[in-house]
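Peer 1: My structure is below; once you've seen it, I'll send some questions.
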Amino acid sequence: MDRISNLPDEIICHIGSFLSAREAAFTTVLSKRWHNLFTIVPDLHFDSSVKDGESLTDFVDRVMALPASSRVNKFSLKWWFDEDTDSAQFDEDTEPEDTEPAQFDQINRSLRVVLKRGVADLYLWVHGKQGYTLPFEVFTCETVTKLSLGSGFAIDFLPENALLPALKTLSLYHVRFYEFGRCAFKTLLASSPVLEELTVCGVNWELWKWSRTVSSSSLKRLTIMRKQWDAFDDSDFKSISFDTPSLAYLYYSDYVPKEYLSVNLDSLVETKLYLCPEENYMWGKGDEKRFNPINLLHGLRNVETLNLYTIMTAEMFYVFREALPVFQKLSHLSVNLSNFCWSSMPMLIKKAPNLKTLNIDGPLHYESYYRCAGDIFCECVSEYSFLVSCPLEVLKITEYYGSFRELMQMKHFLEKLSCLELVEVHSQATGERKLKLIADLERLPRASSKCKFEVVS
């Protein structure tokens with residue numbers, strides 16, 4: 001009995017993936033069903049950092065040998081120039097500086113093959129000394145649904161017929177874009193009509209020569225993540241615009257431009273912000289004349305979950321507090337205020353009349369090493385009187401030690417939050433010390449009879 005033929009298609013395809021292209025071709029004579037299944041190559045992968053005996057030339061030859069009828073699901077290639085290993089693939093008369101362009105040509109030859117074979121997932125990480133240029137066929141592929149590009153090369157322009165009709169996920173790592181006649185970045189987004197998720201990581205946006213506009217009517221998730229926080233040059237970092245009406249999630253970590261010209265974030269549900277004004281600089285008095293993030297702040301008005309990842313971001317909200325909208329839909333707020341003054345906390349609570357969950361990423365407030373001084377409470381929190389009208393139901397604190405100062409501050413939370421149902425504290429205390437910490441909390445008076453405690457070690 002032929003038991004293999006009774007297996008599901010995905011398992012037979014997985015078995016076929018272990019065969020060479022030639023071996024898979026031989027098996028197709030055994031079954032009409034196999035003839036179609038074994039033309040699917042689930043994964044082609046090459047990583048130059050893994051010394052598995054296969055050179056780039058060997059890999060390209062393997063790709064070039066694929067039958068014309070075969071289909072490739074995922075193509076993954078990671079390569080960076082290494083004189084000691086890569087130049088050995090060429091004859092002794094080849095100069096080291098000539099090997100890199102030759103290898104770029106090999107990479108693009110294999111790329112053109114898989115693009116013709118219906119590749120859906122394309123992961124390309126190419127880094128060399130002389131730069132790298134993608135073939136235009138990448139930007140006209142009708143089958144790619146997931147595209148990941150890196151690292152260190154630039155995309156100057158796209159072909160006139162650029163169109164990626166199936167692309168839903170785009171990840172860019174240390175890839176730069178330029179504007180020659182038309183912005184390559186903006187053109188790429190415009191050529192991706194069903195794009196849902198975009199990640200831009202490790203790029204100094206202020207150094208691009210581009211339109212500085214993120215525009216996509218279909219985009220739902222956007223991640224902007226800066227990796228290098230030194231050598232910042234803001235001389236030409238004047239503005240950024242977001243035209244993303246369908247965006248539901250935003251992770252934004254970067255320096256702030258002088259202004260946000262246009263912002264459309266009407267569908268935004270969740271956002272995590274790490275925004276700095278300048279290198280090694282904290283927001284402060286006078287910045288309202290140097291920066292204008294008002295459009296961005298107003299664009300957040302419909303957000304339901306807001307994470308102010310650093311003290312710098314919270315301070316930006318405080319500096320521009322007069323222009324802040326009321327966050328009517330905000331139900332979950334996370335703040336990381338470190339040991340700085342909590343001057344922004346009362347303002348944030350008052351701007352969120354329907355807040356249900358407050359996550360304090362760090363300890364409760366006491367006199368700061370930096371901005372304020374006093375006994376247990378500084379005037380910025382005024383014994384937490386701003387909590388009286390807050391409908392908070394869940395309070396989470398990620399650093400809690402059970403000291404007398406913390407108990408006194410916790411007392412003010414509990415006495416004023418009449419809707420509180422859960423206080424979750426994270427503590428390193430164990431054994432008897434943990435039991436004492438819990439007992440001390442349980443003895444505190446509470447405005448809410450529903451309030452319970454949970455101590456997470």
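Going by the structure tokens order, chains are called A, B, ..., each with residues numbered from 1, while ligands are numbered from 1 in the order shown.
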Which neighbours of Tyr249 of chain A fall inside 7 Å, counting only C-alpha atoms, when residues of the same chain fewer than 2 positions from it are skipped, and could you give them as a list in words?

Peer 2: Lys220, Arg221, Leu222, Leu247, Tyr251, Leu268, Val269, Glu270 and Thr271 of chain A

Peer 1: With C-alpha atoms retained, export the selected residues as a PDB file, in the first residue's frame.

Peer 2:
ATOM      1  CA  LYS A 220      -2.539  48.845  10.009  1.00  0.00           C
ATOM      2  CA  ARG A 221       0.742  48.400  11.942  1.00  0.00           C
ATOM      3  CA  LEU A 222       3.765  50.721  11.840  1.00  0.00           C
ATOM      4  CA  LEU A 247      -3.349  52.531  11.252  1.00  0.00           C
ATOM      5  CA  TYR A 251       5.578  51.915  17.777  1.00  0.00           C
ATOM      6  CA  LEU A 268      -5.140  54.400  16.006  1.00  0.00           C
ATOM      7  CA  VAL A 269      -5.886  52.060  18.921  1.00  0.00           C
ATOM      8  CA  GLU A 270      -2.490  51.366  20.513  1.00  0.00           C
ATOM      9  CA  THR A 271       0.773  53.304  20.495  1.00  0.00           C
TER      10      THR A 271
END

Peer 1: Enumerate the residues of segment 173-311 of chain A with a DSSP assignment of helix (DSSP H, G or I), computed from the backbone, and present them as an MDAnalysis selection string.

Peer 2: chainID A and resid 184:190 205:207 287:290 294:299 311

Peer 1: As a ChimeraX atom specification, which residues of segment 110-295 of chain A does DSSP assign to strand (DSSP E)?

Peer 2: /A:121-127,146-150,154-155,169-173,176-177,179-180,182-183,197-201,213-215,221-225,239-243,249-255,259-264,270-276

Peer 1: For Gln106 of chain A, find every residue with an atom within 9 Å (counting only C-alpha atoms), except residues of its own chain fewer than 3 positions away, and show them as a list of chain:residue names.

Peer 2: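 Here the answer would be A:Leu56, A:Thr57, A:Val60, A:Pro101, A:Ala102, A:Gln103, A:Arg109, A:Ser110, A:Leu111.
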
Peer 1: What is the atom CA of Leu147 of chain A-atom CA of Tyr260 of chain A distance in Å, reported with one decimal?

Peer 2: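 Going from atom CA of Leu147 of chain A over to atom CA of Tyr260 of chain A, I get 28.2 Å.
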
Peer 1: If you count only C-alpha atoms, which residues fall within 7 Å of Ser216 of chain A, apart from same-chain ones fewer than 5 positions away, as a compact mmCIF listing (two decimals) with all heavy atoms, in the first residue's frame?

Peer 2:
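The file below, selection-v5.txt, is the result:
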# COMPACT_ATOMS: atom_id res chain seq x y z
N LEU A 189 5.62 52.64 -1.04
CA LEU A 189 4.36 52.49 -0.32
C LEU A 189 3.16 52.62 -1.26
O LEU A 189 2.19 51.87 -1.14
CB LEU A 189 4.26 53.55 0.79
CG LEU A 189 5.29 53.46 1.91
CD1 LEU A 189 4.93 54.44 3.03
CD2 LEU A 189 5.42 52.06 2.47
N ALA A 190 3.25 53.54 -2.20
CA ALA A 190 2.15 53.73 -3.15
C ALA A 190 2.01 52.52 -4.07
O ALA A 190 0.92 52.26 -4.60
CB ALA A 190 2.39 54.99 -3.98
N ASP A 243 0.29 59.95 6.91
CA ASP A 243 -1.03 59.85 6.28
C ASP A 243 -1.42 58.38 6.26
O ASP A 243 -1.28 57.68 5.27
CB ASP A 243 -0.98 60.41 4.86
CG ASP A 243 -2.35 60.41 4.19
OD1 ASP A 243 -3.35 60.26 4.91
OD2 ASP A 243 -2.40 60.56 2.95
N THR A 244 -1.88 57.91 7.40
CA THR A 244 -2.17 56.48 7.61
C THR A 244 -3.53 56.33 8.29
O THR A 244 -3.60 56.00 9.48
CB THR A 244 -1.06 55.83 8.45
OG1 THR A 244 -0.85 56.62 9.64
CG2 THR A 244 0.24 55.75 7.69

Peer 1: Using Å and a single decimal, report how far atom CA of Asp254 of chain A sits from atom CA of Pro346 of chain A.

Peer 2: 25.6 Å

Peer 1: Could you tell me how far atom CA of Ser69 of chain A sits from atom CA of Ala120 of chain A, in Å to one decimal place?

Peer 2: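 Atom-to-atom, atom CA of Ala120 of chain A to atom CA of Ser69 of chain A, that is 15.7 Å.
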